[in-house]
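Data block below; observations after.
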Amino acid sequence: MSTHGIPKLTISSPTELSIDRGGQRFAIHPIWLRERCQDPASIDLATGQRLHDPSGLDLDLRLVALSEPAPGRLHVRFSDGHEADFDCGAILAEAALAPGDHDCPAPQLWTSQLGDPPRARWRGNPGNPDLADWTERFLRLGFILFSGVPPEPRQVLKVASTFGFTRDTNFGAMFDVRSTPNAIDLAYTSIPLDPHTDNPYRSPVPGVQLLHCLVNETSGGLSTLVDGFAVAEALRMRDPAAFEILSRTPVRFRYRDASTELVASAPPIELDVAGRLRTIHFSPRLDFVPLLPPADLSAYYRARREFDRLLCAPEFEIRFLLARGDLVMFDNCRLLHGRTGFDPARGMRHLQGCYIDIDGPRSLYRVLRRKHTAPARISA
């Protein structure tokens with residue numbers, strides 16, 4: 001990596017392209033570069049998909065000529081006779097990605113010190129600057145809170161369609177969150193709900209949840225959010241053994257009603273291939289750890305209790321009133337949500353909700369960012 005922390009391309013010889021990254025300098029593999037050719041002989045220009053199987057490339061492929069015909073452009077001739085031009089900025093952007101990176105803003109972990117959640121004013125026909133700001137905020141903090149969403153039925157679906165495609169479930173494309181008799185889920189009661197993630201019994205889990213307040217006239221019923229990644233990192237630092245147990249123990253989550261029975265297994269703290277936090281699966285009213293030896297179960301129960309204690313601690317939780325016209329959109333794989341109890345006899349509390357997948361906001365962020373990519377130069 002350069003002194004400014006930015007990867008740097010270098011034509012280190014007429015037949016070698018090198019990169020400085022992370023304090024390390026090494027040659028770029030010819031096949032890695034060949035796989036990224038963007039010419040009409042290599043990809044379908046309409047879809048961006050390859051026209052050949054890269055597994056058939058010569059394993060001894062070499063670079064035989066390199067040049068920079070224009071600032072930020074690289075011309076390469078390969079030993080198989082193929083020639084191609086490359087955008088240096090695109091090479092650097094991909095080279096900067098670590099294994100498992102999504103090419104999106106890194107999570108900014110937060111605790112209760114975040115205070116009152118930052119709000120954005122909803123616009124029914126947002127322009128690109130608004131969308132770029134909203135998606136960046138959402139991906140960084142794991143949530144965004146809108147005010148001024150018309151308090152009308154099904155508006156939550158209109159907001160959701162701005163960021164992705166609605167994920168239909170057994171609860172429907174949209175669901176009503178209010179206290180009802182004979183509720184099929186505890187969310188449809190007035191009791192307090194501790195921090196939890198939704199639908200851990202699904203595969204895949206819905207990545208994003210939206211909740212829109214149509215009316216909130218009761219006392220109580222405050223919404224709560226907890227950054228599960230911040231809590232997991234705190235657990236990793238304070239109790240590494242508990243973190244390790246929760247990241248490797250597969251827990252079975254189950255939901256059932258008269259017409260549905262859903263089961264999926266996952267560790268409460270799921271890591272990606274690089275050992276970084278990927279997903280939190282936590283819903284103590286629905287989890288069933290498998291029958292392990294007593295000593296292993298004792299260690300698991302102790303770890304789960306410590307994780308649960310931190311999740312419910314004031315140190316990590318924010319509380320806010322979701323008032324009429326407010327809408328919160330949050331990452332269901334990172335944040336845990338809940339509410340305080342309320343008395344339905346003292347007024348109505350009615351939210352409408354839906355799910356979308358996390359790839360929707362991520363895709364929108366990348367599309368909006370394309371227009372702001374600056375060209376990069378290489379050094380000889």
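Labels used: A, B, ... for chains in the order of the structure tokens, numbers from 1 for residues in each chain, and numbers from 1 for ligands as shown.
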
Which neighbours of Phe307 (chain A) fall inside 10 Å, counting only C-alpha atoms, when residues of the same chain fewer than 2 positions from it are skipped, and could you give them as JSON, numbers by chain?
{"A": [228, 231, 232, 234, 235, 236, 239, 242, 243, 246, 268, 269, 282, 301, 302, 303, 304, 305, 309, 310, 311, 312, 313]}

Write down as a PyMOL selection string the residues belonging to region 176-338 of chain A that are assigned strand (DSSP E or B) by DSSP computed on the backbone.
chain A and resi 176-177+193-196+208-216+220+223-227+251-256+261-266+269-271+277-280+287-288+317-320+327-331+335-338

Contact residues around Arg121 (chain A) with only C-alpha atoms at 7 Å, ignoring same-chain residues under 6 positions, as a PDB file with C-alpha atoms, in the first residue's frame:
```pdb
ATOM      1  CA  PHE A 146     -37.253   8.294   7.741  1.00  0.00           C
ATOM      2  CA  SER A 147     -39.785  10.896   8.776  1.00  0.00           C
ATOM      3  CA  GLY A 148     -42.587  12.237   6.613  1.00  0.00           C
TER       4      GLY A 148
END
```

Shell around region 127-142 of chain A at 8 Å using only C-alpha atoms, local window under 2 positions removed, as JSON, numbers by chain:
{"A": [104, 105, 106, 107, 108, 109, 110, 120, 125, 144, 227, 329, 330, 331, 334, 335, 361, 362, 364, 365, 368, 369]}

Write the residues of the selection above to a file with C-alpha atoms, as a PDB file, in the first residue's frame.
```pdb
ATOM      1  CA  CYS A 104     -19.740  -1.293   0.117  1.00  0.00           C
ATOM      2  CA  PRO A 105     -19.169   1.052   3.074  1.00  0.00           C
ATOM      3  CA  ALA A 106     -17.619  -0.720   6.041  1.00  0.00           C
ATOM      4  CA  PRO A 107     -19.945  -1.050   9.046  1.00  0.00           C
ATOM      5  CA  GLN A 108     -19.594   1.769  11.551  1.00  0.00           C
ATOM      6  CA  LEU A 109     -20.269   0.035  14.847  1.00  0.00           C
ATOM      7  CA  TRP A 110     -22.298   1.980  17.381  1.00  0.00           C
ATOM      8  CA  ALA A 120     -33.756  11.587   6.950  1.00  0.00           C
ATOM      9  CA  ASN A 125     -39.450  10.876  -5.917  1.00  0.00           C
ATOM     10  CA  ILE A 144     -32.016   4.555   8.470  1.00  0.00           C
ATOM     11  CA  ASP A 227     -26.000  -3.090  16.785  1.00  0.00           C
ATOM     12  CA  MET A 329     -35.378   0.338   7.660  1.00  0.00           C
ATOM     13  CA  PHE A 330     -32.735  -1.884   9.253  1.00  0.00           C
ATOM     14  CA  ASP A 331     -30.309  -4.674   8.421  1.00  0.00           C
ATOM     15  CA  ARG A 334     -26.741  -7.149  11.773  1.00  0.00           C
ATOM     16  CA  LEU A 335     -29.172  -5.243  13.986  1.00  0.00           C
ATOM     17  CA  PRO A 361     -29.488  -1.538  -1.159  1.00  0.00           C
ATOM     18  CA  ARG A 362     -25.997  -2.819  -1.961  1.00  0.00           C
ATOM     19  CA  LEU A 364     -28.291   0.544  -5.607  1.00  0.00           C
ATOM     20  CA  TYR A 365     -25.221   1.913  -3.811  1.00  0.00           C
ATOM     21  CA  LEU A 368     -25.006   5.235  -7.952  1.00  0.00           C
ATOM     22  CA  ARG A 369     -21.280   5.153  -7.261  1.00  0.00           C
TER      23      ARG A 369
END
```

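Counting only C-alpha atoms, Gly338 (chain A) has the following residues at most 8 Å away, ignoring those fewer than 3 positions along the same chain: A:Pro192, A:Leu193, A:Asp194, A:Pro195, A:His196, A:Ser223, A:Thr224, A:Leu225.
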
Filtering to C-alpha atoms, could you give me those residues as a PDB file, in the first residue's frame?
```pdb
ATOM      1  CA  PRO A 192     -42.321  -6.218  25.477  1.00  0.00           C
ATOM      2  CA  LEU A 193     -39.907  -7.849  23.034  1.00  0.00           C
ATOM      3  CA  ASP A 194     -36.232  -8.232  23.845  1.00  0.00           C
ATOM      4  CA  PRO A 195     -33.657  -7.613  21.092  1.00  0.00           C
ATOM      5  CA  HIS A 196     -33.949 -10.262  18.394  1.00  0.00           C
ATOM      6  CA  SER A 223     -38.891   0.862  19.399  1.00  0.00           C
ATOM      7  CA  THR A 224     -35.427  -0.436  20.256  1.00  0.00           C
ATOM      8  CA  LEU A 225     -32.363  -1.175  18.134  1.00  0.00           C
TER       9      LEU A 225
END
```

Restricting the calculation to only C-alpha atoms, which member of A:Leu210, A:Leu45, A:Ile11, A:Leu271 is positioned closest to Ala27 (chain A)?
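Among A:Leu210, A:Leu45, A:Ile11, A:Leu271, it is A:Ile11 that comes nearest to Ala27 (chain A).
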
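Residues in contact with Asp287 (chain A) at up to 9 Å, not including ones fewer than 3 positions away on its chain and judged by only C-alpha atoms, are Pro200, Tyr201, Val251, Arg252, Phe253, Arg254, Phe282, Ser283 and Pro284 of chain A.
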
Any chance you could export the current selection's N, CA and C atoms as a tab-separated table (two decimals), in the first residue's frame?
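Result written to result.tsv:
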```tsv
chain	number	residue	atom	x	y	z
A	200	PRO	N	-35.02	-16.15	11.88
A	200	PRO	CA	-33.81	-16.98	11.82
A	200	PRO	C	-34.11	-18.41	11.39
A	201	TYR	N	-35.39	-18.75	11.35
A	201	TYR	CA	-35.81	-20.09	10.92
A	201	TYR	C	-35.92	-20.21	9.41
A	251	VAL	N	-27.32	-23.74	15.92
A	251	VAL	CA	-28.56	-23.70	16.69
A	251	VAL	C	-29.73	-23.87	15.74
A	252	ARG	N	-30.70	-24.67	16.14
A	252	ARG	CA	-31.88	-24.88	15.30
A	252	ARG	C	-32.96	-23.89	15.71
A	253	PHE	N	-33.47	-23.14	14.73
A	253	PHE	CA	-34.56	-22.20	14.95
A	253	PHE	C	-35.82	-22.75	14.27
A	254	ARG	N	-36.95	-22.63	14.97
A	254	ARG	CA	-38.18	-23.22	14.44
A	254	ARG	C	-39.36	-22.27	14.63
A	282	PHE	N	-30.32	-14.50	16.33
A	282	PHE	CA	-30.61	-14.51	17.76
A	282	PHE	C	-32.09	-14.23	17.99
A	283	SER	N	-32.78	-15.24	18.48
A	283	SER	CA	-34.19	-15.11	18.84
A	283	SER	C	-34.47	-16.13	19.94
A	284	PRO	N	-34.25	-15.75	21.21
A	284	PRO	CA	-34.30	-16.71	22.30
A	284	PRO	C	-35.65	-17.42	22.47
```

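Backbone DSSP assigns alpha helix (DSSP H) in region 200-290 of chain A to Gly228, Phe229, Ala230, Val231, Ala232, Glu233, Ala234, Leu235, Arg236, Met237, Arg238, Pro240, Ala241, Ala242, Phe243, Glu244, Ile245, Leu246, Ser247 and Arg248 of chain A.
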
Within 9 Å of Pro150 (chain A), counting only C-alpha atoms, which residues show up once you throw out same-chain ones fewer than 6 positions away? Write them as a list of chain:residue names, please.
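With the cut-off at 9 Å, the set is A:Leu214, A:Arg324, A:Gly325, A:Asp326.
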
Just write the chosen residues, N, CA and C atoms, as a compact mmCIF listing (two decimals), in the first residue's frame.
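Output below, filename out31.txt:
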```txt
# COMPACT_ATOMS: atom_id res chain seq x y z
N LEU A 214 -48.28 3.80 11.16
CA LEU A 214 -49.52 4.46 10.71
C LEU A 214 -50.16 5.23 11.85
N ARG A 324 -46.27 8.58 14.10
CA ARG A 324 -47.06 8.54 12.87
C ARG A 324 -46.25 9.14 11.71
N GLY A 325 -46.10 8.37 10.63
CA GLY A 325 -45.35 8.83 9.47
C GLY A 325 -43.88 8.49 9.50
N ASP A 326 -43.39 7.90 10.60
CA ASP A 326 -41.99 7.47 10.67
C ASP A 326 -41.85 6.07 10.07
```

Find the distance between CA of Arg36 (chain A) and CA of Val64 (chain A) and write it in Å to one decimal.
16.9 Å

Here is a test: counting only C-alpha atoms, which residue of A:Val149, A:Cys354, A:Ala84, A:Leu33 is nearest to Phe175 (chain A)?
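Going through A:Val149, A:Cys354, A:Ala84, A:Leu33 one by one, the smallest distance to Phe175 (chain A) is for A:Cys354.
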
Counting only C-alpha atoms, closest pick from A:Gly172, A:Gly341, A:Gly48, A:Gly72 relative to Ser219 (chain A) is A:Gly341

Which value, in Å to one decimal, gives the distance between CA of Gly360 (chain A) and CA of Glu261 (chain A)?
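It comes out at 27.3 Å.
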
Selected residue of minimal separation from Leu286 (chain A) among A:Val205, A:Leu59, A:Leu262, A:Cys88, counting only C-alpha atoms:
A:Leu262
